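A.B. asks: Handing you a structure now.
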Amino acid sequence: MRLNFKQLKSMDVETLSGTNLGGVYDLVWDIDSNLVVQLAVRKITAPTKNYLINTSQIVRIEENKIIVDDNVQKESKHKYPKNIVSENISSM
């Protein structure tokens, strides 16, 4: 299955136990390996609750949602490593 960013942004993200974490709003791409390494997720109703989900934490992708491990934690104060340039991909 292949998804473009617009399709990815329309998907909800929830844990295996059923907790809704929100929706995908951005992603982190490692240009050295040419892979997406993290999904940035937030709830529209609680925009201060942001999560960076490593792709290794994705359990499965269903038609309208992404299921992730239960051990996802809130995003740290420093969103991206210093050597990664953060751009708003949604404006492309």
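Just remember, in the structure tokens the first chain shown is A, the second B, etc., residues are 1-based per chain, and ligands are 1-based in the order shown.
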For Glu63 in chain A, work out the shell of residues within 12 Å, counting only C-alpha atoms and skipping chain neighbours fewer than 6 positions away, then give it as a list in words.

C.D. replies: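 That gives Met1, Arg2, Leu3, Gln7, Leu8, Ser10, Met11, Asp12 and Val13 of chain A.
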
A.B. asks: Could you pull the residues within 9 Å of Leu16 in chain A, counting only C-alpha atoms, minus those fewer than 6 positions along the same chain, as a compact mmCIF listing (two decimals) with N, CA and C atoms, in the first residue's frame?

C.D. replies:
# COMPACT_ATOMS: atom_id res chain seq x y z
N VAL A 59 1.84 -0.54 14.43
CA VAL A 59 1.46 -1.95 14.45
C VAL A 59 0.81 -2.34 13.12
N ILE A 67 -2.75 2.24 13.70
CA ILE A 67 -2.70 1.66 15.04
C ILE A 67 -1.24 1.59 15.47
N VAL A 68 -0.96 2.12 16.69
CA VAL A 68 0.42 2.16 17.19
C VAL A 68 0.50 1.48 18.55
N ASP A 69 1.73 1.18 18.98
CA ASP A 69 1.97 0.59 20.30
C ASP A 69 1.36 1.47 21.39
N ASP A 70 1.06 0.86 22.53
CA ASP A 70 0.53 1.59 23.68
C ASP A 70 1.57 2.45 24.39

A.B. asks: From the options A:Arg60, A:Lys65, A:Arg42, A:Lys9, which residue's atoms come nearest to Gly22 in chain A, counting only C-alpha atoms?

C.D. replies: A:Arg42

A.B. asks: Using Å and a single decimal, report how far CA of Ile53 in chain A sits from CA of Leu27 in chain A.

C.D. replies: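 Pair CA of Leu27 in chain A / CA of Ile53 in chain A returns 9.1 Å.
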